[in-house]
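Chemist: work-v4.pdb is reproduced in full below (PDB, C-alpha atoms, pLDDT in the B column).
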ATOM      1  CA  MET J   1      16.414  22.439  -3.745  1.00 47.00           C
ATOM      2  CA  SER J   2      15.480  25.888  -5.028  1.00 59.00           C
ATOM      3  CA  ASP J   3      12.321  26.343  -2.950  1.00 89.00           C
ATOM      4  CA  VAL J   4      14.334  26.491   0.295  1.00 96.00           C
ATOM      5  CA  GLU J   5      16.815  29.215   1.151  1.00 96.00           C
ATOM      6  CA  ILE J   6      19.699  28.527   3.552  1.00 97.00           C
ATOM      7  CA  CYS J   7      20.917  31.635   5.367  1.00 95.00           C
ATOM      8  CA  ARG J   8      22.737  32.666   8.516  1.00 95.00           C
ATOM      9  CA  TRP J   9      20.577  33.540  11.497  1.00 94.00           C
ATOM     10  CA  ASP J  10      22.594  36.621  12.411  1.00 91.00           C
ATOM     11  CA  GLN J  11      21.880  38.080   8.981  1.00 88.00           C
ATOM     12  CA  LEU J  12      18.155  37.756   9.711  1.00 83.00           C
ATOM     13  CA  ALA J  13      18.320  38.701  13.374  1.00 60.00           C
ATOM     14  CA  SER J  14      17.853  42.410  12.730  1.00 67.00           C
ATOM     15  CA  SER J  15      14.883  41.708  10.509  1.00 68.00           C
ATOM     16  CA  PRO J  16      11.526  43.138  11.600  1.00 74.00           C
ATOM     17  CA  GLU J  17      10.285  39.547  11.373  1.00 78.00           C
ATOM     18  CA  ARG J  18      12.678  38.325  14.060  1.00 81.00           C
ATOM     19  CA  ASP J  19       9.936  37.421  16.556  1.00 84.00           C
ATOM     20  CA  ARG J  20       8.077  35.370  13.954  1.00 88.00           C
ATOM     21  CA  LEU J  21      11.304  33.694  12.818  1.00 92.00           C
ATOM     22  CA  SER J  22      12.213  32.902  16.440  1.00 94.00           C
ATOM     23  CA  GLY J  23       8.760  31.394  16.879  1.00 94.00           C
ATOM     24  CA  ASP J  24       9.321  29.287  13.764  1.00 96.00           C
ATOM     25  CA  ILE J  25      12.631  28.008  15.172  1.00 97.00           C
ATOM     26  CA  ASP J  26      10.958  27.181  18.488  1.00 97.00           C
ATOM     27  CA  HIS J  27       8.209  25.297  16.660  1.00 97.00           C
ATOM     28  CA  VAL J  28      10.768  23.203  14.776  1.00 98.00           C
ATOM     29  CA  PHE J  29      12.775  22.661  17.972  1.00 97.00           C
ATOM     30  CA  PHE J  30       9.902  21.454  20.137  1.00 97.00           C
ATOM     31  CA  SER J  31       8.142  19.443  17.425  1.00 96.00           C
ATOM     32  CA  SER J  32      11.439  17.661  16.570  1.00 93.00           C
ATOM     33  CA  SER J  33      12.443  16.950  20.148  1.00 91.00           C
ATOM     34  CA  LEU J  34      12.164  13.471  21.598  1.00 85.00           C
ATOM     35  CA  ARG J  35      10.987  15.135  24.797  1.00 90.00           C
ATOM     36  CA  GLN J  36       7.404  16.272  24.401  1.00 92.00           C
ATOM     37  CA  SER J  37       6.192  16.856  27.967  1.00 94.00           C
ATOM     38  CA  PHE J  38       7.432  19.202  30.664  1.00 95.00           C
ATOM     39  CA  ASP J  39       6.557  19.540  34.338  1.00 96.00           C
ATOM     40  CA  SER J  40       6.338  23.327  34.134  1.00 96.00           C
ATOM     41  CA  ALA J  41       6.947  26.346  31.948  1.00 96.00           C
ATOM     42  CA  ASP J  42      10.300  26.775  33.713  1.00 97.00           C
ATOM     43  CA  ASP J  43      11.249  23.181  32.901  1.00 96.00           C
ATOM     44  CA  ARG J  44      10.358  23.789  29.242  1.00 97.00           C
ATOM     45  CA  ALA J  45      12.374  27.035  29.177  1.00 97.00           C
ATOM     46  CA  THR J  46      15.399  25.313  30.750  1.00 96.00           C
ATOM     47  CA  PHE J  47      15.225  22.547  28.148  1.00 96.00           C
ATOM     48  CA  ARG J  48      15.061  25.108  25.330  1.00 97.00           C
ATOM     49  CA  GLU J  49      17.991  27.074  26.762  1.00 96.00           C
ATOM     50  CA  ARG J  50      20.155  23.954  27.084  1.00 96.00           C
ATOM     51  CA  TRP J  51      19.687  22.669  23.530  1.00 96.00           C
ATOM     52  CA  LEU J  52      18.872  25.819  21.518  1.00 97.00           C
ATOM     53  CA  GLY J  53      18.867  29.126  23.390  1.00 97.00           C
ATOM     54  CA  ARG J  54      22.506  29.253  24.458  1.00 97.00           C
ATOM     55  CA  TYR J  55      23.590  28.744  20.859  1.00 98.00           C
ATOM     56  CA  LEU J  56      21.374  31.518  19.489  1.00 96.00           C
ATOM     57  CA  LYS J  57      22.526  33.843  22.268  1.00 96.00           C
ATOM     58  CA  HIS J  58      26.279  33.135  22.274  1.00 97.00           C
ATOM     59  CA  PHE J  59      26.862  31.950  18.702  1.00 98.00           C
ATOM     60  CA  PRO J  60      24.257  33.632  16.447  1.00 95.00           C
ATOM     61  CA  HIS J  61      26.874  33.917  13.681  1.00 96.00           C
ATOM     62  CA  LEU J  62      27.107  30.092  13.607  1.00 98.00           C
ATOM     63  CA  ALA J  63      23.368  29.444  13.369  1.00 98.00           C
ATOM     64  CA  TRP J  64      21.812  28.629  10.009  1.00 98.00           C
ATOM     65  CA  VAL J  65      18.151  28.500   9.023  1.00 97.00           C
ATOM     66  CA  ALA J  66      16.251  26.990   6.117  1.00 98.00           C
ATOM     67  CA  ARG J  67      13.292  29.063   4.930  1.00 96.00           C
ATOM     68  CA  ASP J  68      10.586  28.021   2.510  1.00 96.00           C
ATOM     69  CA  ALA J  69       9.105  30.191  -0.257  1.00 94.00           C
ATOM     70  CA  THR J  70       6.871  31.958   2.286  1.00 93.00           C
ATOM     71  CA  GLN J  71       9.967  32.800   4.412  1.00 91.00           C
ATOM     72  CA  ARG J  72       8.874  30.408   7.177  1.00 94.00           C
ATOM     73  CA  VAL J  73      11.731  28.633   8.978  1.00 96.00           C
ATOM     74  CA  VAL J  74      11.403  24.904   8.272  1.00 97.00           C
ATOM     75  CA  GLY J  75      14.755  23.864   9.713  1.00 98.00           C
ATOM     76  CA  TYR J  76      17.789  25.157  11.520  1.00 98.00           C
ATOM     77  CA  LEU J  77      21.282  24.299  12.649  1.00 98.00           C
ATOM     78  CA  VAL J  78      22.952  25.766  15.725  1.00 98.00           C
ATOM     79  CA  GLY J  79      26.489  25.105  16.840  1.00 98.00           C
ATOM     80  CA  SER J  80      29.745  26.299  18.268  1.00 98.00           C
ATOM     81  CA  LEU J  81      33.383  26.039  17.272  1.00 98.00           C
ATOM     82  CA  ASP J  82      34.918  25.864  20.743  1.00 94.00           C
ATOM     83  CA  ASP J  83      35.708  22.534  22.347  1.00 97.00           C
ATOM     84  CA  PRO J  84      32.656  21.947  24.578  1.00 97.00           C
ATOM     85  CA  ALA J  85      34.581  19.666  26.956  1.00 97.00           C
ATOM     86  CA  ARG J  86      36.756  22.646  27.871  1.00 97.00           C
ATOM     87  CA  ASP J  87      34.255  25.515  27.527  1.00 97.00           C
ATOM     88  CA  PRO J  88      32.515  26.425  30.816  1.00 97.00           C
ATOM     89  CA  LEU J  89      29.390  27.343  28.846  1.00 97.00           C
ATOM     90  CA  PHE J  90      28.756  23.599  28.376  1.00 97.00           C
ATOM     91  CA  SER J  91      29.711  22.411  31.873  1.00 96.00           C
ATOM     92  CA  ASP J  92      26.076  21.381  32.488  1.00 96.00           C
ATOM     93  CA  LEU J  93      26.449  18.579  29.930  1.00 95.00           C
ATOM     94  CA  PRO J  94      28.451  15.904  31.771  1.00 93.00           C
ATOM     95  CA  PHE J  95      28.799  13.603  28.762  1.00 94.00           C
ATOM     96  CA  PHE J  96      31.391  15.982  27.314  1.00 96.00           C
ATOM     97  CA  ALA J  97      33.800  14.988  30.101  1.00 95.00           C
ATOM     98  CA  HIS J  98      33.561  11.396  28.858  1.00 96.00           C
ATOM     99  CA  PHE J  99      34.310  12.473  25.263  1.00 98.00           C
ATOM    100  CA  ARG J 100      37.134  14.825  26.327  1.00 97.00           C
ATOM    101  CA  THR J 101      39.775  12.879  24.360  1.00 98.00           C
ATOM    102  CA  LEU J 102      37.738  13.203  21.135  1.00 98.00           C
ATOM    103  CA  THR J 103      36.701  16.856  21.281  1.00 98.00           C
ATOM    104  CA  PRO J 104      40.105  18.373  20.411  1.00 98.00           C
ATOM    105  CA  ARG J 105      39.993  16.581  17.056  1.00 98.00           C
ATOM    106  CA  TYR J 106      36.286  17.410  16.568  1.00 98.00           C
ATOM    107  CA  PRO J 107      35.783  20.637  18.548  1.00 98.00           C
ATOM    108  CA  ALA J 108      32.947  22.125  16.507  1.00 98.00           C
ATOM    109  CA  GLN J 109      29.521  20.825  17.481  1.00 98.00           C
ATOM    110  CA  LEU J 110      26.105  21.114  15.946  1.00 98.00           C
ATOM    111  CA  HIS J 111      22.415  20.470  16.494  1.00 97.00           C
ATOM    112  CA  VAL J 112      20.204  20.268  13.426  1.00 97.00           C
ATOM    113  CA  ASN J 113      16.429  19.928  13.278  1.00 96.00           C
ATOM    114  CA  LEU J 114      13.871  20.019  10.487  1.00 97.00           C
ATOM    115  CA  ASP J 115      10.126  20.226  10.441  1.00 96.00           C
ATOM    116  CA  ALA J 116       8.880  16.678   9.784  1.00 94.00           C
ATOM    117  CA  GLU J 117       7.238  17.695   6.488  1.00 95.00           C
ATOM    118  CA  TRP J 118      10.590  18.901   5.123  1.00 96.00           C
ATOM    119  CA  ARG J 119      12.788  15.916   5.968  1.00 94.00           C
ATOM    120  CA  GLY J 120      14.284  13.731   3.259  1.00 93.00           C
ATOM    121  CA  ARG J 121      14.779  16.605   0.803  1.00 95.00           C
ATOM    122  CA  GLY J 122      18.471  17.320   1.374  1.00 96.00           C
ATOM    123  CA  ILE J 123      17.863  20.405   3.513  1.00 97.00           C
ATOM    124  CA  GLY J 124      19.622  19.005   6.586  1.00 97.00           C
ATOM    125  CA  ALA J 125      22.644  18.147   4.449  1.00 97.00           C
ATOM    126  CA  ARG J 126      22.716  21.702   3.107  1.00 98.00           C
ATOM    127  CA  LEU J 127      22.590  23.117   6.643  1.00 98.00           C
ATOM    128  CA  ILE J 128      25.448  20.828   7.741  1.00 98.00           C
ATOM    129  CA  ASP J 129      27.508  21.724   4.665  1.00 98.00           C
ATOM    130  CA  ALA J 130      27.048  25.460   5.331  1.00 98.00           C
ATOM    131  CA  PHE J 131      28.163  25.069   8.949  1.00 98.00           C
ATOM    132  CA  ALA J 132      31.032  22.716   8.032  1.00 98.00           C
ATOM    133  CA  ALA J 133      32.370  25.212   5.481  1.00 98.00           C
ATOM    134  CA  GLN J 134      32.185  27.966   8.081  1.00 98.00           C
ATOM    135  CA  ALA J 135      33.919  25.805  10.720  1.00 98.00           C
ATOM    136  CA  ARG J 136      36.622  24.725   8.254  1.00 98.00           C
ATOM    137  CA  ALA J 137      37.278  28.361   7.278  1.00 98.00           C
ATOM    138  CA  ALA J 138      37.643  29.190  10.983  1.00 98.00           C
ATOM    139  CA  GLY J 139      40.269  26.447  11.355  1.00 98.00           C
ATOM    140  CA  ALA J 140      38.288  23.708  13.091  1.00 98.00           C
ATOM    141  CA  PRO J 141      39.748  20.274  12.239  1.00 98.00           C
ATOM    142  CA  GLY J 142      36.440  18.475  12.724  1.00 98.00           C
ATOM    143  CA  VAL J 143      32.815  18.689  13.791  1.00 98.00           C
ATOM    144  CA  HIS J 144      30.748  16.395  15.971  1.00 98.00           C
ATOM    145  CA  VAL J 145      27.247  15.597  17.110  1.00 97.00           C
ATOM    146  CA  VAL J 146      26.274  13.676  20.240  1.00 95.00           C
ATOM    147  CA  THR J 147      23.112  11.654  19.785  1.00 91.00           C
ATOM    148  CA  SER J 148      21.452   8.522  21.069  1.00 87.00           C
ATOM    149  CA  ARG J 149      22.025   5.184  19.394  1.00 81.00           C
ATOM    150  CA  GLY J 150      19.460   4.286  16.785  1.00 74.00           C
ATOM    151  CA  PRO J 151      18.966   4.744  13.090  1.00 63.00           C
ATOM    152  CA  ARG J 152      21.398   7.547  12.309  1.00 65.00           C
ATOM    153  CA  ASN J 153      21.693   7.128   8.557  1.00 81.00           C
ATOM    154  CA  PHE J 154      21.292  10.903   8.170  1.00 91.00           C
ATOM    155  CA  TYR J 155      24.561  11.622   9.973  1.00 94.00           C
ATOM    156  CA  LEU J 156      26.403   8.718   8.361  1.00 92.00           C
ATOM    157  CA  ALA J 157      25.241   9.899   4.924  1.00 93.00           C
ATOM    158  CA  ASN J 158      26.662  13.319   5.775  1.00 96.00           C
ATOM    159  CA  GLY J 159      30.189  12.130   6.501  1.00 96.00           C
ATOM    160  CA  PHE J 160      29.960  11.447  10.244  1.00 97.00           C
ATOM    161  CA  MET J 161      31.443   8.300  11.737  1.00 96.00           C
ATOM    162  CA  GLU J 162      31.020   6.789  15.182  1.00 96.00           C
ATOM    163  CA  ARG J 163      34.048   7.816  17.241  1.00 97.00           C
ATOM    164  CA  GLY J 164      32.881   6.998  20.770  1.00 96.00           C
ATOM    165  CA  ALA J 165      29.985   5.803  22.907  1.00 95.00           C
ATOM    166  CA  LEU J 166      28.746   6.232  26.455  1.00 95.00           C
ATOM    167  CA  LYS J 167      26.095   4.232  28.274  1.00 91.00           C
ATOM    168  CA  ASN J 168      24.075   6.823  30.217  1.00 75.00           C
ATOM    169  CA  ASP J 169      21.242   5.308  32.282  1.00 78.00           C
ATOM    170  CA  ASP J 170      18.977   3.606  29.722  1.00 82.00           C
ATOM    171  CA  VAL J 171      20.379   5.520  26.742  1.00 84.00           C
ATOM    172  CA  GLU J 172      23.566   4.940  24.813  1.00 90.00           C
ATOM    173  CA  LEU J 173      25.045   8.206  23.583  1.00 93.00           C
ATOM    174  CA  LEU J 174      27.176   8.250  20.458  1.00 94.00           C
ATOM    175  CA  PHE J 175      29.874  10.740  19.585  1.00 97.00           C
ATOM    176  CA  LEU J 176      29.771  11.046  15.785  1.00 96.00           C
ATOM    177  CA  GLY J 177      32.664  12.955  14.221  1.00 98.00           C
ATOM    178  CA  ARG J 178      33.349  14.343  10.763  1.00 98.00           C
ATOM    179  CA  GLU J 179      36.756  15.478   9.544  1.00 98.00           C
ATOM    180  CA  LEU J 180      36.870  18.932   8.003  1.00 98.00           C
TER
END
In structure tokens, what does this structure look like?
Modeler:
Amino acid sequence: MSDVEICRWDQLASSPERDRLSGDIDHVFFSSSLRQSFDSADDRATFRERWLGRYLKHFPHLAWVARDATQRVVGYLVGSLDDPARDPLFSDLPFFAHFRTLTPRYPAQLHVNLDAEWRGRGIGARLIDAFAAQARAAGAPGVHVVTSRGPRNFYLANGFMERGALKNDDVELLFLGREL
């Protein structure tokens, strides 16, 4: 799709438009999230830090953005290459302990979100392919995403397969892995 540019976040981070671009990413993040209400501003900030902020802070070179013709961010992918079950940075996510036997084979992880108006156009696949190429070049044998059970045709269409599951309260979490 020629009207959307895929580029690395760290290559844009020094841009004078960084604040606007960060705001665009936050808009996509919060509008795409299943969680839409927060008890406080601190609760909202903690949620953002857990699922987005830590990646932008610690792994800006692994973050990818999709920008439309007006340079507005309409989607992004954040991730890491280190095994999250063994990285103290992710110790607040207890489900990784359950998937500890799978993460060595699929150590790279990602989170991808698109503005609702831009879904179904192949942009998410392009973001995943950019990250997967980067992870493969860095020597990662596989990449994973942890998500709730439900219609996940997007991930399956992008080469992910169910590798594990965990029943967590009322939600079943899936570990979807893709060989690199």
Chemist: Counting only C-alpha atoms, which of J:Leu180, J:Leu21, J:Leu174, J:Leu110 gets nearest to Leu81 in chain J?
Modeler: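 Ranking J:Leu180, J:Leu21, J:Leu174, J:Leu110 by distance to Leu81 in chain J, first place goes to J:Leu110.
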Chemist: Taking all atoms listed in the file into account, name the residue in J:Ala137, J:Val65, J:Leu166, J:Ala45 that is nearest to Arg149 in chain J.
Modeler: J:Leu166
Chemist: What do you get, as JSON, numbers by chain, if you spell out every residue that the PyMOL selection byres ((chain J and resi 25-27) around 9) selects here?
Modeler: {"J": [20, 21, 22, 23, 24, 28, 29, 30, 31, 32, 48, 52, 65, 73, 74, 75, 76, 115]}
Chemist: Do a neighbour search on His111 in chain J at 12 Å with all atoms listed in the file, toss out local chain neighbours closer than 3 positions, and write the hits as a PyMOL selection string.
Modeler: chain J and resi 29+32-33+50-56+62-65+75-80+108+114+124+127-128+131+143-147+155+176
Chemist: Can you work out the spacing between CA of Gly139 in chain J and CA of Asn158 in chain J in Å, to one decimal?
Modeler: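 The value is 19.7 Å.
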Chemist: Can you find the residues with an atom no farther than 7 Å from (11.7, 23.8, 2.4), counting all atoms listed in the file, and report them as a short mmCIF file (atom, residue, chain, number, x, y, z; two decimals) with C-alpha atoms, in the frame of the given file?
Modeler:
data_model
loop_
_atom_site.label_atom_id
_atom_site.label_comp_id
_atom_site.auth_asym_id
_atom_site.auth_seq_id
_atom_site.Cartn_x
_atom_site.Cartn_y
_atom_site.Cartn_z
CA ASP J 3 12.32 26.34 -2.95
CA VAL J 4 14.33 26.49 0.30
CA ALA J 66 16.25 26.99 6.12
CA ARG J 67 13.29 29.06 4.93
CA ASP J 68 10.59 28.02 2.51
CA VAL J 74 11.40 24.90 8.27
CA TRP J 118 10.59 18.90 5.12
#
Chemist: Give me the residues near Ala140 in chain J as a ChimeraX atom specification, where near means some atom within 12 Å (using all atoms listed in the file) and where sequence neighbours in that chain fewer than 6 positions away do not count.
Modeler: /J:80-83,103-109,131-134,178-180
Chemist: When the PyMOL selection byres ((chain J and resi 99) around 9) is applied to the structure above, which residues does it catch, written out as a ChimeraX atom specification?
Modeler: /J:85,95-98,100-103,164-166,175
Chemist: Work out how far CA of Asn168 in chain J is from CA of Leu93 in chain J, in Å to one decimal.
Modeler: 12.0 Å
Chemist: Would you work out the distance separating CA of Pro60 in chain J from CA of Pro84 in chain J, expressed in Å to one decimal?
Modeler: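 So the two atoms, CA of Pro60 in chain J and CA of Pro84 in chain J, lie 16.5 Å apart.
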